[in-house]
file work_25.cif (mmCIF, C-alpha atoms)
data_work
loop_
_atom_site.label_atom_id
_atom_site.label_comp_id
_atom_site.auth_asym_id
_atom_site.auth_seq_id
_atom_site.Cartn_x
_atom_site.Cartn_y
_atom_site.Cartn_z
CA MET A 773 125.56 84.85 128.93
CA TYR A 774 129.22 84.89 127.92
CA LEU A 775 130.59 88.42 127.90
CA ASP A 776 133.91 89.17 126.28
CA SER A 777 136.44 92.00 126.60
CA GLY A 778 135.30 92.97 130.09
CA VAL A 779 131.84 93.97 128.89
CA SER A 780 129.47 94.09 131.83
CA THR A 781 126.19 94.45 129.96
CA ALA A 782 125.19 92.77 126.72
CA VAL A 783 121.88 93.96 125.32
CA LYS A 784 119.95 91.95 122.74
CA ILE A 785 117.88 94.07 120.34
CA LEU A 786 115.66 92.82 117.52
CA VAL A 787 115.40 94.73 114.25
CA VAL A 788 112.05 93.75 112.79
CA GLY A 789 109.68 94.75 110.03
CA HIS A 790 107.80 93.49 107.05
CA PHE A 791 109.34 92.00 103.92
CA GLY A 792 111.67 94.39 102.09
CA VAL A 793 111.58 97.22 104.64
CA GLY A 794 115.37 97.44 105.13
CA LYS A 795 116.31 95.31 108.14
CA THR A 796 119.41 93.80 106.53
CA THR A 797 120.50 97.22 105.27
CA PHE A 798 119.96 98.73 108.74
CA ILE A 799 122.19 96.16 110.44
CA GLY A 800 124.79 96.51 107.69
CA SER A 801 124.89 100.29 108.11
CA ILE A 802 125.29 100.28 111.90
CA SER A 803 127.24 97.13 112.82
CA GLU A 804 130.88 97.55 113.83
CA ILE A 805 131.58 94.00 112.66
CA GLU A 806 130.92 92.42 109.30
CA PRO A 807 127.27 91.41 109.73
CA LEU A 808 126.22 87.80 109.55
CA ARG A 809 123.60 87.57 106.82
CA THR A 810 121.48 84.62 105.83
CA GLU A 811 120.26 85.96 102.52
CA GLU A 812 119.25 83.79 99.63
CA GLU A 813 118.17 84.66 96.12
CA ILE A 814 114.48 85.03 95.55
CA THR A 815 113.38 82.28 93.16
CA GLU A 816 110.21 81.22 91.43
CA ALA A 817 109.45 79.10 94.51
CA SER A 818 108.50 82.32 96.34
CA ILE A 819 105.72 83.11 93.86
CA GLY A 820 102.49 83.22 95.79
CA PHE A 821 104.34 83.63 99.08
CA ASP A 822 106.38 86.84 98.77
CA ASP A 823 104.71 90.01 97.53
CA LEU A 824 107.33 91.83 95.49
CA SER A 825 104.97 94.57 94.32
CA GLY A 826 106.37 97.07 96.85
CA THR A 827 109.97 96.04 96.15
CA PRO A 828 110.17 95.05 92.47
CA ASP A 829 113.99 95.28 92.35
CA LYS A 830 114.54 93.01 95.38
CA THR A 831 116.56 89.92 94.44
CA THR A 832 117.48 88.43 97.85
CA THR A 833 115.72 87.79 101.14
CA THR A 834 116.72 86.90 104.70
CA VAL A 835 115.82 83.30 105.50
CA ALA A 836 116.99 82.98 109.11
CA MET A 837 118.41 86.18 110.61
CA ASP A 838 120.92 88.97 110.33
CA PHE A 839 123.36 89.66 113.16
CA GLY A 840 125.48 92.67 114.02
CA ARG A 841 127.15 94.26 117.02
CA LEU A 842 127.50 97.84 118.23
CA THR A 843 129.60 98.86 121.23
CA LEU A 844 128.10 101.84 123.03
CA SER A 845 130.70 102.07 125.79
CA ASP A 846 133.25 99.96 127.64
CA GLU A 847 130.35 98.50 129.59
CA ILE A 848 127.50 98.20 127.05
CA VAL A 849 127.36 96.25 123.80
CA LEU A 850 124.25 95.92 121.65
CA TYR A 851 123.74 92.65 119.82
CA LEU A 852 121.41 93.25 116.88
CA PHE A 853 119.29 90.44 115.45
CA GLY A 854 117.34 91.09 112.26
CA THR A 855 114.32 88.87 111.73
CA PRO A 856 112.97 87.60 108.41
CA GLY A 857 110.02 89.67 107.22
CA GLN A 858 107.86 87.01 105.62
CA GLU A 859 104.95 85.40 107.42
CA ARG A 860 106.29 81.92 106.71
CA PHE A 861 109.38 82.60 108.85
CA LYS A 862 107.53 83.84 111.94
CA GLU A 863 108.56 80.71 113.88
CA MET A 864 112.05 82.24 114.02
CA TRP A 865 110.62 85.07 116.09
CA GLU A 866 110.04 82.98 119.20
CA GLU A 867 113.67 81.91 119.34
CA LEU A 868 115.05 85.31 118.40
CA SER A 869 112.85 87.17 120.88
CA ARG A 870 114.12 85.17 123.88
CA GLY A 871 116.27 87.47 125.99
CA ALA A 872 115.68 90.53 123.80
CA LEU A 873 115.14 93.78 125.71
CA GLY A 874 113.38 95.49 122.85
CA ALA A 875 112.74 95.83 119.16
CA LEU A 876 113.21 98.51 116.55
CA VAL A 877 110.25 98.09 114.20
CA LEU A 878 111.08 99.41 110.73
CA VAL A 879 108.12 100.50 108.62
CA ASP A 880 107.76 101.67 105.03
CA PRO A 881 105.39 104.66 104.94
CA GLU A 882 104.05 103.47 101.57
CA ARG A 883 103.18 100.00 102.94
CA LEU A 884 102.04 100.67 106.51
CA SER A 885 99.36 97.97 106.39
CA GLU A 886 102.13 95.36 106.10
CA SER A 887 103.37 96.45 109.53
CA PHE A 888 100.34 95.22 111.49
CA PRO A 889 101.33 91.52 111.58
CA VAL A 890 104.82 92.56 112.71
CA LEU A 891 103.43 94.77 115.47
CA ASP A 892 101.17 91.90 116.54
CA LEU A 893 104.21 89.61 116.91
CA VAL A 894 106.21 92.24 118.82
CA GLU A 895 103.34 92.69 121.24
CA ARG A 896 102.71 88.93 121.44
CA PHE A 897 106.29 88.40 122.62
CA GLY A 898 106.06 91.30 125.08
CA LEU A 899 108.82 93.38 123.53
CA THR A 900 109.16 97.09 124.20
CA TYR A 901 109.59 98.81 120.85
CA ALA A 902 110.17 101.99 118.92
CA ILE A 903 109.18 102.66 115.32
CA GLY A 904 111.69 103.65 112.64
CA VAL A 905 109.96 105.07 109.55
CA ASN A 906 112.39 104.16 106.77
CA HIS A 907 112.41 106.64 103.93
CA PHE A 908 113.33 105.22 100.57
CA ASP A 909 114.32 107.27 97.53
CA GLY A 910 111.31 109.01 96.09
CA THR A 911 108.87 108.13 98.85
CA PRO A 912 106.79 110.92 100.33
CA VAL A 913 107.60 112.07 103.84
CA TYR A 914 104.58 111.91 106.12
CA PRO A 915 104.35 113.66 109.48
CA LEU A 916 105.26 111.20 112.23
CA SER A 917 102.00 112.01 113.98
CA GLU A 918 100.13 110.67 110.92
CA VAL A 919 102.22 107.49 110.91
CA ARG A 920 101.51 107.05 114.64
CA GLU A 921 97.79 107.46 114.02
CA ALA A 922 97.75 105.14 110.99
CA LEU A 923 99.51 102.42 113.01
CA ASN A 924 97.26 103.05 116.03
CA LEU A 925 100.29 103.26 118.35
CA PRO A 926 100.19 104.00 122.08
CA ALA A 927 101.14 107.60 122.88
CA ASN A 928 104.37 106.55 124.62
CA THR A 929 105.73 104.56 121.65
CA PRO A 930 108.60 106.52 120.07
CA VAL A 931 108.38 107.12 116.32
CA VAL A 932 111.42 108.42 114.42
CA SER A 933 112.25 108.96 110.75
CA CYS A 934 115.32 107.18 109.43
CA ASP A 935 117.22 106.22 106.32
CA VAL A 936 118.62 102.76 107.02
CA ARG A 937 121.36 103.24 104.43
CA ASP A 938 122.85 106.06 106.50
CA ARG A 939 124.87 105.11 109.61
CA ARG A 940 124.01 108.29 111.54
CA SER A 941 120.32 108.00 110.77
CA SER A 942 120.32 104.32 111.78
CA ALA A 943 122.19 105.23 114.97
CA GLN A 944 119.58 107.85 115.83
CA ALA A 945 116.77 105.29 115.44
CA LEU A 946 118.65 102.88 117.70
CA ILE A 947 119.34 105.62 120.25
CA THR A 948 115.62 106.38 120.29
CA LEU A 949 114.88 102.76 121.18
CA VAL A 950 117.63 102.56 123.83
CA ASN A 951 116.44 105.82 125.44
CA HIS A 952 112.89 104.44 125.50
CA LEU A 953 114.11 101.24 127.17
CA LEU A 954 116.08 103.27 129.73
CA SER A 955 113.08 105.49 130.46
CA LEU A 956 111.09 102.43 131.46
CA THR A 957 113.68 101.39 134.06
CA ASP A 958 113.60 104.71 135.95
#
call {"tool": "encode", "arguments": {"input": "work_25.cif", "output": "C-alpha coordinates"}}
result
Amino acid sequence: MYLDSGVSTAVKILVVGHFGVGKTTFIGSISEIEPLRTEEEITEASIGFDDLSGTPDKTTTTVAMDFGRLTLSDEIVLYLFGTPGQERFKEMWEELSRGALGALVLVDPERLSESFPVLDLVERFGLTYAIGVNHFDGTPVYPLSEVREALNLPANTPVVSCDVRDRRSSAQALITLVNHLLSLTD
(Lines of atoms letter the chains of each structure in order from A and count residues from 1; the text may use other names and numbers.)
(Lines give C-alpha, C1' and ligand atoms only; values in the text may rest on other atoms or scores of the structure.)
Protein backbone atom coordinates (compact mmCIF):
# COMPACT_ATOMS: atom_id res chain seq x y z
CA MET A 1 0.00 0.00 0.00
CA TYR A 2 1.32 3.44 -0.88
CA LEU A 3 1.87 5.54 2.23
CA ASP A 4 2.44 9.26 1.94
CA SER A 5 3.99 11.88 4.24
CA GLY A 6 6.08 9.35 6.15
CA VAL A 7 3.01 7.56 7.50
CA SER A 8 4.01 4.12 8.72
CA THR A 9 0.55 2.66 9.29
CA ALA A 10 -2.54 3.17 7.17
CA VAL A 11 -5.69 1.65 8.64
CA LYS A 12 -8.76 0.97 6.52
CA ILE A 13 -12.06 1.24 8.42
CA LEU A 14 -15.55 0.67 7.03
CA VAL A 15 -18.48 2.79 8.19
CA VAL A 16 -21.55 0.67 7.57
CA GLY A 17 -25.23 0.59 8.39
CA HIS A 18 -28.66 0.37 6.89
CA PHE A 19 -30.19 2.87 4.48
CA GLY A 20 -30.47 6.39 5.91
CA VAL A 21 -28.64 5.73 9.20
CA GLY A 22 -26.06 8.51 8.79
CA LYS A 23 -22.93 7.00 7.23
CA THR A 24 -22.32 9.91 4.83
CA THR A 25 -22.94 12.42 7.62
CA PHE A 26 -20.54 10.53 9.93
CA ILE A 27 -17.69 10.64 7.41
CA GLY A 28 -18.43 14.29 6.65
CA SER A 29 -18.28 15.21 10.34
CA ILE A 30 -14.98 13.45 11.08
CA SER A 31 -12.89 13.60 7.88
CA GLU A 32 -9.97 16.03 7.81
CA ILE A 33 -10.26 16.22 4.03
CA GLU A 34 -13.26 17.08 1.91
CA PRO A 35 -14.98 13.68 1.74
CA LEU A 36 -15.49 11.92 -1.55
CA ARG A 37 -19.21 11.29 -1.87
CA THR A 38 -21.05 9.31 -4.50
CA GLU A 39 -24.53 10.54 -3.71
CA GLU A 40 -27.31 10.70 -6.22
CA GLU A 41 -30.84 12.01 -5.95
CA ILE A 42 -33.48 9.51 -5.01
CA THR A 43 -35.87 9.16 -7.95
CA GLU A 44 -39.05 7.31 -8.74
CA ALA A 45 -36.86 4.43 -9.94
CA SER A 46 -36.15 3.59 -6.28
CA ILE A 47 -39.84 2.98 -5.53
CA GLY A 48 -40.17 -0.59 -4.38
CA PHE A 49 -36.45 -0.81 -3.62
CA ASP A 50 -35.73 1.88 -1.01
CA ASP A 51 -37.92 2.14 2.07
CA LEU A 52 -38.16 5.84 2.86
CA SER A 53 -40.68 5.39 5.67
CA GLY A 54 -37.99 5.82 8.35
CA THR A 55 -36.38 8.76 6.52
CA PRO A 56 -39.17 10.63 4.73
CA ASP A 57 -37.05 13.78 4.18
CA LYS A 58 -34.13 11.92 2.57
CA THR A 59 -33.50 13.15 -0.98
CA THR A 60 -30.11 11.59 -1.83
CA THR A 61 -28.42 8.23 -1.39
CA THR A 62 -24.90 6.82 -1.65
CA VAL A 63 -24.53 4.65 -4.74
CA ALA A 64 -20.91 3.51 -4.48
CA MET A 65 -19.09 4.73 -1.37
CA ASP A 66 -18.03 7.66 0.76
CA PHE A 67 -14.37 8.23 1.56
CA GLY A 68 -12.64 10.28 4.23
CA ARG A 69 -9.35 10.42 6.09
CA LEU A 70 -8.40 11.06 9.70
CA THR A 71 -4.82 11.37 10.94
CA LEU A 72 -4.45 10.04 14.47
CA SER A 73 -0.70 10.65 14.80
CA ASP A 74 2.43 11.06 12.69
CA GLU A 75 2.40 7.29 12.28
CA ILE A 76 -1.29 6.34 11.99
CA VAL A 77 -3.87 7.45 9.44
CA LEU A 78 -7.40 6.08 9.25
CA TYR A 79 -8.96 5.74 5.81
CA LEU A 80 -12.74 5.68 6.19
CA PHE A 81 -14.94 3.99 3.60
CA GLY A 82 -18.71 4.37 3.90
CA THR A 83 -20.74 1.65 2.24
CA PRO A 84 -24.14 2.04 0.56
CA GLY A 85 -26.96 0.95 2.84
CA GLN A 86 -29.34 -0.64 0.36
CA GLU A 87 -29.47 -4.37 -0.22
CA ARG A 88 -29.03 -3.91 -3.96
CA PHE A 89 -25.54 -2.45 -3.43
CA LYS A 90 -24.20 -5.24 -1.21
CA GLU A 91 -21.82 -6.38 -3.98
CA MET A 92 -19.77 -3.26 -3.16
CA TRP A 93 -19.12 -4.72 0.27
CA GLU A 94 -16.80 -7.47 -0.93
CA GLU A 95 -14.50 -4.98 -2.62
CA LEU A 96 -14.68 -2.42 0.16
CA SER A 97 -14.09 -4.98 2.90
CA ARG A 98 -10.78 -6.18 1.40
CA GLY A 99 -7.98 -4.98 3.66
CA ALA A 100 -10.30 -3.39 6.22
CA LEU A 101 -9.29 -3.93 9.84
CA GLY A 102 -12.74 -3.27 11.19
CA ALA A 103 -16.13 -1.67 10.83
CA LEU A 104 -18.15 0.88 12.73
CA VAL A 105 -21.75 -0.28 12.39
CA LEU A 106 -24.16 2.63 12.73
CA VAL A 107 -27.68 1.76 13.88
CA ASP A 108 -30.86 3.77 14.28
CA PRO A 109 -32.53 2.80 17.58
CA GLU A 110 -35.95 3.24 15.96
CA ARG A 111 -35.12 0.82 13.11
CA LEU A 112 -32.94 -1.83 14.74
CA SER A 113 -34.42 -4.65 12.66
CA GLU A 114 -32.86 -3.05 9.56
CA SER A 115 -29.43 -3.64 11.12
CA PHE A 116 -29.53 -7.44 10.96
CA PRO A 117 -28.64 -7.76 7.24
CA VAL A 118 -25.75 -5.33 7.81
CA LEU A 119 -24.48 -7.30 10.80
CA ASP A 120 -24.74 -10.48 8.73
CA LEU A 121 -22.51 -8.93 6.04
CA VAL A 122 -19.97 -7.65 8.58
CA GLU A 123 -19.72 -11.11 10.10
CA ARG A 124 -19.67 -12.78 6.67
CA PHE A 125 -16.60 -10.75 5.72
CA GLY A 126 -14.93 -11.45 9.08
CA LEU A 127 -14.71 -7.84 10.20
CA THR A 128 -14.23 -6.89 13.83
CA TYR A 129 -16.80 -4.23 14.66
CA ALA A 130 -18.24 -1.81 17.17
CA ILE A 131 -21.78 -0.44 17.21
CA GLY A 132 -22.55 3.28 17.09
CA VAL A 133 -26.15 4.00 18.09
CA ASN A 134 -26.93 7.17 16.15
CA HIS A 135 -29.38 9.45 17.90
CA PHE A 136 -31.47 11.60 15.62
CA ASP A 137 -33.48 14.62 16.72
CA GLY A 138 -36.53 13.53 18.65
CA THR A 139 -35.65 9.85 18.89
CA PRO A 140 -35.87 8.19 22.28
CA VAL A 141 -32.63 7.24 23.99
CA TYR A 142 -32.53 3.57 24.92
CA PRO A 143 -30.07 2.05 27.38
CA LEU A 144 -27.15 0.58 25.45
CA SER A 145 -27.70 -2.72 27.24
CA GLU A 146 -31.17 -2.91 25.65
CA VAL A 147 -29.74 -2.16 22.20
CA ARG A 148 -27.11 -4.88 22.74
CA GLU A 149 -29.81 -7.36 23.71
CA ALA A 150 -32.12 -6.39 20.83
CA LEU A 151 -29.27 -6.88 18.34
CA ASN A 152 -28.19 -10.12 20.03
CA LEU A 153 -24.56 -8.94 20.16
CA PRO A 154 -21.65 -10.84 21.70
CA ALA A 155 -20.70 -9.50 25.14
CA ASN A 156 -17.33 -8.21 23.89
CA THR A 157 -18.80 -6.08 21.08
CA PRO A 158 -18.54 -2.40 22.05
CA VAL A 159 -21.74 -0.35 21.85
CA VAL A 160 -21.59 3.44 22.09
CA SER A 161 -24.11 6.26 21.64
CA CYS A 162 -23.27 8.90 19.06
CA ASP A 163 -24.61 11.82 17.09
CA VAL A 164 -22.99 11.55 13.66
CA ARG A 165 -23.52 15.27 13.03
CA ASP A 166 -21.17 16.11 15.89
CA ARG A 167 -17.41 15.74 15.28
CA ARG A 168 -16.57 14.91 18.91
CA SER A 169 -19.32 12.34 19.17
CA SER A 170 -18.25 10.75 15.88
CA ALA A 171 -14.64 10.74 17.08
CA GLN A 172 -15.65 8.95 20.28
CA ALA A 173 -17.43 6.23 18.29
CA LEU A 174 -14.34 5.79 16.12
CA ILE A 175 -12.06 5.72 19.16
CA THR A 176 -14.25 2.98 20.62
CA LEU A 177 -13.72 0.88 17.49
CA VAL A 178 -9.96 1.55 17.35
CA ASN A 179 -9.57 0.66 21.05
CA HIS A 180 -11.50 -2.56 20.43
CA LEU A 181 -9.22 -3.42 17.49
CA LEU A 182 -6.14 -2.69 19.62
CA SER A 183 -7.44 -4.82 22.49
CA LEU A 184 -7.59 -7.81 20.16
CA THR A 185 -3.90 -7.48 19.24
CA ASP A 186 -2.65 -7.62 22.84
call {"tool": "resolve_selection", "arguments": {"input": "work_25.cif", "expression": "the PyMOL selection byres ((chain A and resi 801) around 8)", "output": "tab-separated table (two decimals) with C-alpha atoms, in the frame of the given file"}}
result
chain	number	residue	atom	x	y	z
A	797	THR	CA	120.50	97.22	105.27
A	798	PHE	CA	119.96	98.73	108.74
A	799	ILE	CA	122.19	96.16	110.44
A	800	GLY	CA	124.79	96.51	107.69
A	802	ILE	CA	125.29	100.28	111.90
A	803	SER	CA	127.24	97.13	112.82
A	936	VAL	CA	118.62	102.76	107.02
A	937	ARG	CA	121.36	103.24	104.43
A	938	ASP	CA	122.85	106.06	106.50
A	939	ARG	CA	124.87	105.11	109.61
A	942	SER	CA	120.32	104.32	111.78
call {"tool": "closest_residue", "arguments": {"input": "work_25.cif", "among": "A:Ile805, A:Leu844, A:Leu868, A:Val877", "to": "Pro889 of chain A", "atoms": "all atoms listed in the file"}}
result
A:Val877
call {"tool": "closest_residue", "arguments": {"input": "work_25.cif", "among": "A:Ala875, A:Val793, A:Leu852, A:Val894", "to": "Leu949 of chain A", "atoms": "only C-alpha atoms"}}
result
A:Ala875
call {"tool": "resolve_selection", "arguments": {"input": "work_25.cif", "expression": "the PyMOL selection byres ((chain A and resi 902) around 6)", "output": "PDB file with C-alpha atoms, in the frame of the given file"}}
result
ATOM      1  CA  LEU A 876     113.210  98.510 116.550  1.00  0.00           C
ATOM      2  CA  TYR A 901     109.590  98.810 120.850  1.00  0.00           C
ATOM      3  CA  ILE A 903     109.180 102.660 115.320  1.00  0.00           C
ATOM      4  CA  THR A 929     105.730 104.560 121.650  1.00  0.00           C
ATOM      5  CA  PRO A 930     108.600 106.520 120.070  1.00  0.00           C
ATOM      6  CA  LEU A 949     114.880 102.760 121.180  1.00  0.00           C
TER       7      LEU A 949
END
call {"tool": "axis_aligned_box", "arguments": {"input": "work_25.cif", "around": "segment 928-937 of chain A", "padding_each_side": "3 Å", "output": "lines of an AutoDock Vina configuration file"}}
result
center_x = 112.9
center_y = 105.9
center_z = 114.5
size_x = 23.0
size_y = 12.2
size_z = 26.2
call {"tool": "resolve_selection", "arguments": {"input": "work_25.cif", "expression": "the PyMOL selection byres ((chain A and resi 841) around 8)", "output": "PDB file with C-alpha atoms, in the frame of the given file"}}
result
ATOM      1  CA  SER A 803     127.240  97.130 112.820  1.00  0.00           C
ATOM      2  CA  GLU A 804     130.880  97.550 113.830  1.00  0.00           C
ATOM      3  CA  ILE A 805     131.580  94.000 112.660  1.00  0.00           C
ATOM      4  CA  PRO A 807     127.270  91.410 109.730  1.00  0.00           C
ATOM      5  CA  PHE A 839     123.360  89.660 113.160  1.00  0.00           C
ATOM      6  CA  GLY A 840     125.480  92.670 114.020  1.00  0.00           C
ATOM      7  CA  LEU A 842     127.500  97.840 118.230  1.00  0.00           C
ATOM      8  CA  THR A 843     129.600  98.860 121.230  1.00  0.00           C
ATOM      9  CA  VAL A 849     127.360  96.250 123.800  1.00  0.00           C
ATOM     10  CA  LEU A 850     124.250  95.920 121.650  1.00  0.00           C
ATOM     11  CA  TYR A 851     123.740  92.650 119.820  1.00  0.00           C
ATOM     12  CA  LEU A 852     121.410  93.250 116.880  1.00  0.00           C
TER      13      LEU A 852
END
call {"tool": "closest_residue", "arguments": {"input": "work_25.cif", "among": "A:Asp838, A:Asp909, A:Asp935, A:Glu847", "to": "Glu806 of chain A", "atoms": "all atoms listed in the file"}}
result
A:Asp838
call {"tool": "residues_around", "arguments": {"input": "work_25.cif", "residues": "Glu866 of chain A", "least_positions_apart": "6", "cutoff": "12 Å", "atoms": "only C-alpha atoms", "output": "ChimeraX atom specification"}}
result
/A:786,855,872,893-899
call {"tool": "closest_residue", "arguments": {"input": "work_25.cif", "among": "A:Thr796, A:Thr948, A:Ser917, A:Asn906", "to": "Asp880 of chain A", "atoms": "only C-alpha atoms"}}
result
A:Asn906
call {"tool": "atom_distance", "arguments": {"input": "work_25.cif", "atom1": "atom CA of Ala943 of chain A", "atom2": "atom CA of Glu921 of chain A"}}
result
24.5 Å
call {"tool": "closest_residue", "arguments": {"input": "work_25.cif", "among": "A:Arg883, A:Leu946, A:Ala927, A:Val890", "to": "Thr911 of chain A", "atoms": "all atoms listed in the file"}}
result
A:Arg883
call {"tool": "atom_distance", "arguments": {"input": "work_25.cif", "atom1": "atom CA of Cys934 of chain A", "atom2": "atom CA of Val919 of chain A"}}
result
13.2 Å
call {"tool": "atom_distance", "arguments": {"input": "work_25.cif", "atom1": "atom CA of Ser933 of chain A", "atom2": "atom CA of Val905 of chain A"}}
result
4.7 Å
